[in-house]
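Source file: run.txt. Holds: compact mmCIF, C-alpha atoms.
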# COMPACT_ATOMS: atom_id res chain seq x y z
CA MET K 475 44.21 185.54 190.19
CA GLY K 476 47.16 186.28 192.49
CA SER K 477 48.53 182.74 192.21
CA ARG K 478 48.26 182.90 188.41
CA LYS K 479 50.20 186.18 188.33
CA CYS K 480 52.80 184.80 190.71
CA GLY K 481 53.03 181.62 188.62
CA GLY K 482 53.56 183.76 185.54
CA CYS K 483 56.38 185.67 187.21
CA LEU K 484 58.02 182.45 188.31
CA SER K 485 57.64 180.80 184.90
CA CYS K 486 59.53 183.57 183.12
CA LEU K 487 62.50 182.67 185.31
CA LEU K 488 62.60 179.07 184.08
CA ILE K 489 64.78 179.66 181.01
CA PRO K 490 67.49 181.73 182.71
CA LEU K 491 67.51 179.38 185.70
CA ALA K 492 67.87 176.36 183.43
CA LEU K 493 70.68 178.01 181.48
CA TRP K 494 72.51 179.03 184.66
CA SER K 495 72.16 175.47 186.02
CA ILE K 496 73.82 174.14 182.89
CA ILE K 497 76.63 176.70 183.04
CA VAL K 498 77.30 176.13 186.73
CA ASN K 499 77.35 172.35 186.30
CA ILE K 500 79.84 172.67 183.44
CA LEU K 501 82.04 174.91 185.58
CA LEU K 502 82.17 172.17 188.23
CA TYR K 503 84.26 170.14 185.79
CA PHE K 504 86.98 172.79 185.73
CA PRO K 505 88.01 173.70 189.30
CA ASN K 506 89.90 176.98 189.28
CA GLY K 507 89.52 177.04 185.48
CA GLN K 508 91.82 174.05 184.99
CA THR K 509 90.97 171.12 182.71
CA SER K 510 93.42 168.63 184.19
CA TYR K 511 91.09 167.58 187.01
CA ALA K 512 88.28 166.56 184.70
CA SER K 513 90.56 164.63 182.37
CA SER K 514 92.12 162.72 185.28
CA HIS K 515 88.71 162.13 186.94
CA LYS K 516 89.74 163.94 190.12
CA LEU K 517 86.38 165.54 190.77
CA THR K 518 83.64 165.05 193.33
CA ASN K 519 81.57 161.98 192.42
CA TYR K 520 78.36 163.98 192.26
CA VAL K 521 79.69 166.20 189.48
CA TRP K 522 79.39 163.21 187.14
CA TYR K 523 75.62 162.93 187.72
CA PHE K 524 75.03 165.89 185.35
CA GLU K 525 72.33 167.18 187.69
CA GLY K 526 72.60 170.78 186.58
CA ILE K 527 73.04 169.97 182.92
CA CYS K 528 70.38 167.32 182.45
CA PHE K 529 67.84 167.64 185.19
CA SER K 530 67.78 171.25 186.30
CA GLY K 531 68.80 172.49 182.87
CA VAL K 532 67.76 170.41 179.89
CA MET K 533 64.73 168.77 181.43
CA THR K 534 63.29 172.19 182.18
CA LEU K 535 63.67 173.13 178.51
CA LEU K 536 62.70 169.68 177.22
CA SER K 537 59.35 170.58 175.74
CA ILE K 538 60.80 173.44 173.71
CA ILE K 539 63.80 171.32 172.77
CA PHE K 540 61.64 168.47 171.44
CA SER K 541 59.48 170.88 169.47
CA SER K 542 62.63 172.45 168.04
CA LEU K 543 63.97 169.01 167.16
CA GLY K 544 60.63 168.31 165.52
CA ILE K 545 61.17 171.38 163.33
CA ALA K 546 64.70 170.30 162.45
CA PHE K 547 63.92 166.65 161.73
CA SER K 548 60.67 167.32 159.90
CA GLY K 549 62.46 170.00 157.91
CA TYR K 550 65.18 167.47 157.07
CA CYS K 551 62.54 165.01 155.85
CA LEU K 552 60.91 167.75 153.76
CA VAL K 553 64.19 168.76 152.09
CA ILE K 554 65.38 165.20 151.42
CA SER K 555 61.96 164.21 150.06
CA ALA K 556 61.95 167.24 147.75
CA LEU K 557 65.44 166.34 146.52
CA GLY K 558 64.32 162.74 145.95
CA LEU K 559 61.28 163.93 144.04
CA ILE K 560 63.35 166.24 141.82
CA GLN K 561 66.03 163.62 141.15
CA GLY K 562 63.58 160.95 140.11
CA PRO K 563 63.67 157.22 140.73
CA TYR K 564 66.56 154.82 140.33
CA CYS K 565 65.31 152.42 137.69
CA ARG K 566 66.36 150.05 134.94
CA THR K 567 66.45 151.73 131.54
CA LEU K 568 67.64 150.37 128.21
CA ASP K 569 71.15 151.47 129.30
CA GLY K 570 70.98 149.67 132.67
CA TRP K 571 70.20 150.81 136.19
CA GLU K 572 70.46 154.58 136.59
CA TYR K 573 68.75 157.80 137.61
CA ALA K 574 67.04 158.30 134.28
CA PHE K 575 65.78 161.84 135.02
CA GLU K 576 68.64 163.15 137.14
CA GLY K 577 69.68 165.86 134.70
CA THR K 578 66.16 167.19 134.08
CA ALA K 579 65.96 169.32 137.27
CA GLY K 580 62.51 167.88 137.93
CA ARG K 581 61.05 168.70 134.52
CA PHE K 582 60.15 165.01 134.09
CA LEU K 583 57.45 165.54 136.73
CA THR K 584 55.26 167.40 134.23
CA ASP K 585 56.07 165.26 131.18
CA SER K 586 54.63 161.80 131.75
CA SER K 587 55.47 160.74 128.19
CA ILE K 588 59.13 160.19 129.17
CA TRP K 589 58.32 158.03 132.19
CA ILE K 590 58.46 154.95 129.96
CA GLN K 591 62.25 155.26 130.08
CA CYS K 592 62.00 153.41 133.40
CA VAL K 593 61.39 149.80 132.44
CA GLU K 594 61.70 148.29 135.91
CA PRO K 595 60.25 148.41 138.55
CA ALA K 596 56.86 148.91 136.95
CA HIS K 597 55.24 152.30 137.70
CA VAL K 598 58.25 153.39 139.78
CA VAL K 599 57.97 157.01 138.61
CA GLU K 600 54.36 157.30 139.80
CA TRP K 601 55.25 155.43 142.98
CA ASN K 602 58.07 157.87 143.80
CA ILE K 603 56.06 160.97 142.89
CA ILE K 604 53.10 159.97 145.04
CA LEU K 605 55.07 158.83 148.08
CA PHE K 606 57.64 161.65 148.07
CA SER K 607 54.79 164.14 147.67
CA ILE K 608 52.99 162.62 150.66
CA LEU K 609 56.21 162.83 152.71
CA ILE K 610 56.67 166.47 151.69
CA THR K 611 53.09 167.27 152.73
CA LEU K 612 53.29 165.40 156.05
CA SER K 613 56.67 166.81 157.04
CA GLY K 614 55.57 170.31 155.99
CA LEU K 615 52.57 170.03 158.30
CA GLN K 616 54.84 168.77 161.09
CA VAL K 617 57.16 171.75 160.65
CA ILE K 618 54.20 174.13 160.89
CA ILE K 619 52.77 172.40 163.96
CA CYS K 620 56.15 172.31 165.72
CA LEU K 621 56.73 176.00 164.91
CA ILE K 622 53.36 176.83 166.44
CA ARG K 623 54.18 174.72 169.52
CA VAL K 624 57.53 176.46 170.03
CA ALA K 625 55.92 179.87 169.64
CA MET K 626 53.18 178.97 172.11
CA GLN K 627 55.62 177.51 174.63
CA LEU K 628 57.92 180.51 174.44
CA SER K 629 55.03 182.93 174.73
CA LYS K 630 53.72 181.08 177.78
CA ILE K 631 57.11 181.21 179.45
CA LEU K 632 58.09 184.74 178.42
CA CYS K 633 54.66 186.33 178.80
CA GLY K 634 53.95 184.67 182.09
CA SER K 635 50.88 182.61 181.24
CA TYR K 636 52.65 179.32 181.99
CA SER K 637 51.80 178.36 185.52
CA VAL K 638 54.46 176.70 187.62
CA ILE K 639 51.97 176.26 190.45
CA ILE K 640 50.02 173.01 190.19
CA GLN K 641 46.31 173.56 190.64
CA PRO K 642 44.34 170.63 192.08
CA GLY K 643 41.77 169.11 189.76
CA ILE K 644 43.30 170.55 186.59
CA ILE K 645 45.01 168.06 184.32
If you took the structure in this file and wrote it as structure tokens, what would it be?
Amino acid sequence: MGSRKCGGCLSCLLIPLALWSIIVNILLYFPNGQTSYASSHKLTNYVWYFEGICFSGVMTLLSIIFSSLGIAFSGYCLVISALGLIQGPYCRTLDGWEYAFEGTAGRFLTDSSIWIQCVEPAHVVEWNIILFSILITLSGLQVIICLIRVAMQLSKILCGSYSVIIQPGII
């Protein structure tokens, strides 16, 4: 019980320690607040190893960062897929290759009688609707899962239930 409480206290320090490591490492590039030393590569060799930025800083926050990136990238997929669904397919019509339903603001989705405007490729409207809808669903689920992961990770760190102490036999 005592080690768990101590581990909780230590874990809440991870974020500020990681942020301070990043800040301090960045400051090493600017001795006495001057930028000329960094630009002329007149710094200690070990400054260029990014130890405070990458390893003591970012790597500590990596799990939260990847979950946050998962939110961003899945969200991007969701938005782009929705825009693709609303725009409609690029297809050959009697007037040539075009976005036949671009000006309909997605109303073509509920009026299958106008889908015949797309002559080629065959069934391209159905193909786009089904696949973009699947992408929207999958990326929406990914956003939700990543949001839950970030919330859980932050609560573990901030509420002290994340143990920094490794316990033997627990994987």
Return the single residue from K:Ala556, K:Val532, K:Ala625, K:Cys565 that is closest to Ala579 (chain K), with distances computed using only C-alpha atoms.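 When distances to Ala579 (chain K) are compared using only C-alpha atoms, the smallest one comes from K:Ala556.
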Nearest to Leu612 (chain K) by atom-to-atom distance, counting all atoms listed in the file, from K:Glu594, K:Gly577, K:Val521, K:Cys551: K:Cys551
Residues at most 10 Å from region 488-503 of chain K, counting all atoms listed in the file, excluding those fewer than 5 positions away in the same chain, as number ranges by chain? K: 483, 508-513, 515-518, 520-535, 628, 631-632, 638
I need the residues from that last selection saved to file as a PDB file, keeping the file's coordinate frame (with C-alpha atoms), if you can.
ATOM      1  CA  CYS K 483      56.380 185.670 187.210  1.00  0.00           C
ATOM      2  CA  GLN K 508      91.820 174.050 184.990  1.00  0.00           C
ATOM      3  CA  THR K 509      90.970 171.120 182.710  1.00  0.00           C
ATOM      4  CA  SER K 510      93.420 168.630 184.190  1.00  0.00           C
ATOM      5  CA  TYR K 511      91.090 167.580 187.010  1.00  0.00           C
ATOM      6  CA  ALA K 512      88.280 166.560 184.700  1.00  0.00           C
ATOM      7  CA  SER K 513      90.560 164.630 182.370  1.00  0.00           C
ATOM      8  CA  HIS K 515      88.710 162.130 186.940  1.00  0.00           C
ATOM      9  CA  LYS K 516      89.740 163.940 190.120  1.00  0.00           C
ATOM     10  CA  LEU K 517      86.380 165.540 190.770  1.00  0.00           C
ATOM     11  CA  THR K 518      83.640 165.050 193.330  1.00  0.00           C
ATOM     12  CA  TYR K 520      78.360 163.980 192.260  1.00  0.00           C
ATOM     13  CA  VAL K 521      79.690 166.200 189.480  1.00  0.00           C
ATOM     14  CA  TRP K 522      79.390 163.210 187.140  1.00  0.00           C
ATOM     15  CA  TYR K 523      75.620 162.930 187.720  1.00  0.00           C
ATOM     16  CA  PHE K 524      75.030 165.890 185.350  1.00  0.00           C
ATOM     17  CA  GLU K 525      72.330 167.180 187.690  1.00  0.00           C
ATOM     18  CA  GLY K 526      72.600 170.780 186.580  1.00  0.00           C
ATOM     19  CA  ILE K 527      73.040 169.970 182.920  1.00  0.00           C
ATOM     20  CA  CYS K 528      70.380 167.320 182.450  1.00  0.00           C
ATOM     21  CA  PHE K 529      67.840 167.640 185.190  1.00  0.00           C
ATOM     22  CA  SER K 530      67.780 171.250 186.300  1.00  0.00           C
ATOM     23  CA  GLY K 531      68.800 172.490 182.870  1.00  0.00           C
ATOM     24  CA  VAL K 532      67.760 170.410 179.890  1.00  0.00           C
ATOM     25  CA  MET K 533      64.730 168.770 181.430  1.00  0.00           C
ATOM     26  CA  THR K 534      63.290 172.190 182.180  1.00  0.00           C
ATOM     27  CA  LEU K 535      63.670 173.130 178.510  1.00  0.00           C
ATOM     28  CA  LEU K 628      57.920 180.510 174.440  1.00  0.00           C
ATOM     29  CA  ILE K 631      57.110 181.210 179.450  1.00  0.00           C
ATOM     30  CA  LEU K 632      58.090 184.740 178.420  1.00  0.00           C
ATOM     31  CA  VAL K 638      54.460 176.700 187.620  1.00  0.00           C
TER      32      VAL K 638
END
Between CA of Glu572 (chain K) and CA of Cys592 (chain K), what is the distance in Å, rounded to a tenth? 9.1 Å
With a distance cut-off of 12 Å and only C-alpha atoms, select the neighbouring residues of Ile554 (chain K), excluding the residue or stretch itself and same-chain residues fewer than 6 positions from it, and output the selection as number ranges by chain. K: 547-548, 560-561, 606-607, 609-610, 613-614
Could the residues in this selection be saved with C-alpha atoms as an mmCIF file, keeping the file's coordinate frame?
data_model
loop_
_atom_site.group_PDB
_atom_site.id
_atom_site.type_symbol
_atom_site.label_atom_id
_atom_site.label_comp_id
_atom_site.auth_asym_id
_atom_site.auth_seq_id
_atom_site.Cartn_x
_atom_site.Cartn_y
_atom_site.Cartn_z
ATOM 1 C CA PHE K 547 63.920 166.650 161.730
ATOM 2 C CA SER K 548 60.670 167.320 159.900
ATOM 3 C CA ILE K 560 63.350 166.240 141.820
ATOM 4 C CA GLN K 561 66.030 163.620 141.150
ATOM 5 C CA PHE K 606 57.640 161.650 148.070
ATOM 6 C CA SER K 607 54.790 164.140 147.670
ATOM 7 C CA LEU K 609 56.210 162.830 152.710
ATOM 8 C CA ILE K 610 56.670 166.470 151.690
ATOM 9 C CA SER K 613 56.670 166.810 157.040
ATOM 10 C CA GLY K 614 55.570 170.310 155.990
#
Separation of CA of Leu621 (chain K) and CA of Gly544 (chain K), in Å?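 Here the two named atoms are 8.6 Å from each other.
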Could you please determine the separation between CA of Val617 (chain K) and CA of Ile545 (chain K) in Å, to one decimal place?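 Going from CA of Val617 (chain K) over to CA of Ile545 (chain K) covers 4.8 Å.
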Which residue, K:Tyr564, K:Phe575, K:Tyr550, K:Phe582, has the smallest gap to Ala596 (chain K) when you use only C-alpha atoms? K:Tyr564
Using only C-alpha atoms, can you tell me which of K:Ser555, K:Ser537, K:Arg623, K:Arg566 comes closest to His597 (chain K)? K:Arg566
Given all atoms listed in the file as the counted atoms, nearest of K:Leu552, K:Val598, K:Ala546, K:Ala574 to Leu615 (chain K): K:Leu552
